[in-house]
Amino acid sequence: MFTEHSRELRLTPGVLAVDFILLGVLKKFVGPLCAALLCSRAAAAPPEVPPPDIAAPAWVLMDHDSGQVLAERNVDKPLPPASLTKLMTAYVLFGKLKSGNLKLDDRIDISQHAWNAKGARLFLRPGSSVRAEDLLKGLIVLSANDAAIALAERVAGSEINFVAEMNAVAHRLGLDHTVFMNATGHDEKGHGSTARDLARLAAALIREFPEYYRWFSLKEFSDGRITQYNHNALLWRDLTVDGVKTGQSRSAGFCLIASAHRDGMRLIAVVLGAQDENTRVESGQRLLEHGFRRFETRLLYAADIPAAHPRIWMGDQSTIPLSAGRNLYLTLPRGWHEKLHARVTVRESLNAPVQLGQAMGTIALDLDRQPLAEYPLVALKQVGEGNLFQRTIDKIQLWLQ
């Protein structure tokens, strides 16, 4: 038996927080991965929001917290990513910093292979040594290819070994249409990614390494000899933009990943294959403005805040806190969150023992009186079996009921 509790969502900014996302029926707003996470019922859909006019062969606008795709074109078409590749290079290196396998004060020896790198560079001298932090900033701010190779060789022994790690991470993150052949992003057969995969990679980097992500907002970098400037023009054009990366090559055209944060909402825009620098910048700005103007993301339930405290029997405590188990965000066209209702359903009789994370019910969302999505309701803590006295008292109470 289940007990159902219905209540209207009255959310205020910052009250609740997700990686869960909207029902797969809303194909204009939800990626396939998000849909797979939900046990959904029927279909409720807000009105379709026409996408902006973007002059590029492939692009996507994604909400960082909910993971929902708000507008897209050729989102899963593999294309050369140029220096957007260095987002994965940085992601792997940040992981090395976090694990202690690389330290910011480490001195990195510059090899002949690193010195021979073409394209954007720090003009490192072979045989010299440079602090890891300076190489990382050069990689991020200036897209320096020599810095990327030097760091790759330090942590993996060779660029080839490092690229194998990049592809392993891509697989782990579910970037199914991404294959790397080098750590810099220079044009090479088989080297490619998609707008969706790159948006997901950017979201993972921002979420997992906020202390290092701030380097993507640096507008310039100096190694003591020369000062060079970040190619992401949106850093000057829009103060809410705090990263991420640009790229350009003969095969890739002009590419961009940009992220902006306004009023508690973070968006990620990816543009691939623009014909020139101005088109790249205008496209990124247009996507971000479209998202902030037309959509709103709210935190519905936080992973660690109970949505219900039902009675539990035969346990070493009398109630158990239940929650969504993960932060639950939802992105909808502006004005549609007011049409949301939540219904919390739990089993009528819950008996101990209960394991942490055990499913105990559901949270169902209705949008404008139509079923939207359903999420599992799980135990926030473990409840052990009560002692003989506690179990006897509970049995009596159940018998009386």
# chains A, B, ... in the order shown; residues from 1 in each chain; ligands from 1

call {"tool": "residues_around", "arguments": {"residues": "Tyr229 of chain A", "least_positions_apart": "4", "cutoff": "8 Å", "atoms": "only C-alpha atoms", "output": "VMD selection string"}}
result
chain A and resid 141 to 142 219 to 221

call {"tool": "residues_around", "arguments": {"residues": "Asn232 of chain A", "least_positions_apart": "4", "cutoff": "10 Å", "atoms": "only C-alpha atoms", "output": "compact mmCIF listing (two decimals) with N, CA, C and O atoms, in the first residue's frame"}}
result
# COMPACT_ATOMS: atom_id res chain seq x y z
N VAL A 141 44.31 30.01 -20.90
CA VAL A 141 44.07 31.38 -21.33
C VAL A 141 44.51 31.61 -22.78
O VAL A 141 43.80 32.25 -23.56
N LEU A 142 45.64 31.04 -23.14
CA LEU A 142 46.21 31.30 -24.47
C LEU A 142 46.04 30.14 -25.42
O LEU A 142 46.40 30.24 -26.59
N PHE A 216 39.58 30.06 -16.41
CA PHE A 216 39.03 30.30 -17.74
C PHE A 216 38.47 31.71 -17.88
O PHE A 216 38.13 32.13 -18.99
N SER A 217 38.36 32.44 -16.78
CA SER A 217 37.86 33.82 -16.85
C SER A 217 39.00 34.83 -16.98
O SER A 217 38.74 36.02 -17.16
N LEU A 218 40.25 34.37 -16.89
CA LEU A 218 41.39 35.28 -17.00
C LEU A 218 41.45 35.87 -18.41
O LEU A 218 41.42 35.13 -19.40
N LYS A 219 41.59 37.17 -18.51
CA LYS A 219 41.60 37.83 -19.81
C LYS A 219 43.00 37.90 -20.42
O LYS A 219 43.12 38.14 -21.63
N TRP A 236 34.98 40.07 -22.45
CA TRP A 236 34.93 41.53 -22.42
C TRP A 236 33.53 42.04 -22.74
O TRP A 236 33.12 43.08 -22.25
N ARG A 237 32.80 41.31 -23.53
CA ARG A 237 31.51 41.77 -24.04
C ARG A 237 30.38 41.56 -23.04
O ARG A 237 29.42 42.33 -23.01
N VAL A 241 29.68 36.27 -18.42
CA VAL A 241 30.44 35.16 -19.02
C VAL A 241 31.72 34.97 -18.24
O VAL A 241 32.50 35.91 -18.05
N ASP A 242 31.98 33.73 -17.76
CA ASP A 242 33.21 33.47 -16.99
C ASP A 242 34.04 32.33 -17.60
O ASP A 242 34.85 31.72 -16.91
N GLY A 243 33.90 32.01 -18.82
CA GLY A 243 34.65 30.98 -19.55
C GLY A 243 33.77 30.57 -20.72
O GLY A 243 32.74 31.17 -20.95
N VAL A 244 34.15 29.58 -21.65
CA VAL A 244 35.14 28.61 -21.30
C VAL A 244 36.30 28.65 -22.30
O VAL A 244 37.44 28.86 -21.89
N LYS A 245 36.06 28.45 -23.63
CA LYS A 245 37.17 28.21 -24.55
C LYS A 245 36.77 28.55 -25.98
O LYS A 245 35.61 28.44 -26.36
N THR A 246 37.79 28.93 -26.77
CA THR A 246 37.61 29.11 -28.21
C THR A 246 38.51 28.13 -28.94
O THR A 246 39.45 27.56 -28.37
N GLY A 247 38.23 27.93 -30.22
CA GLY A 247 39.06 27.08 -31.06
C GLY A 247 38.93 27.49 -32.51
O GLY A 247 37.90 28.03 -32.92
N LEU A 256 33.43 27.75 -30.38
CA LEU A 256 33.33 28.43 -29.08
C LEU A 256 32.52 27.60 -28.10
O LEU A 256 31.51 26.99 -28.47
N ILE A 257 33.00 27.56 -26.87
CA ILE A 257 32.18 27.15 -25.73
C ILE A 257 32.17 28.32 -24.76
O ILE A 257 33.23 28.81 -24.37
N ALA A 258 30.99 28.78 -24.40
CA ALA A 258 30.87 29.90 -23.47
C ALA A 258 29.90 29.54 -22.36
O ALA A 258 28.87 28.92 -22.60
N GLU A 277 35.38 34.97 -36.86
CA GLU A 277 35.40 35.32 -35.44
C GLU A 277 34.14 36.06 -35.02
O GLU A 277 33.55 35.76 -33.97
N ARG A 280 31.20 33.72 -34.71
CA ARG A 280 31.35 32.90 -33.50
C ARG A 280 30.89 33.65 -32.26
O ARG A 280 30.12 33.12 -31.43
N VAL A 281 31.35 34.88 -32.10
CA VAL A 281 31.01 35.67 -30.92
C VAL A 281 29.52 36.01 -30.90
O VAL A 281 28.84 35.86 -29.87

call {"tool": "closest_residue", "arguments": {"among": "A:Leu102, A:Ile393, A:Leu70, A:Leu136", "to": "Arg196 of chain A", "atoms": "only C-alpha atoms"}}
result
A:Leu70

call {"tool": "atom_distance", "arguments": {"atom1": "atom CA of Ala55 of chain A", "atom2": "atom CA of Thr240 of chain A"}}
result
22.9 Å

call {"tool": "closest_residue", "arguments": {"among": "A:Ala379, A:Ala168, A:Ala114, A:Val270", "to": "Ala147 of chain A", "atoms": "only C-alpha atoms"}}
result
A:Ala114
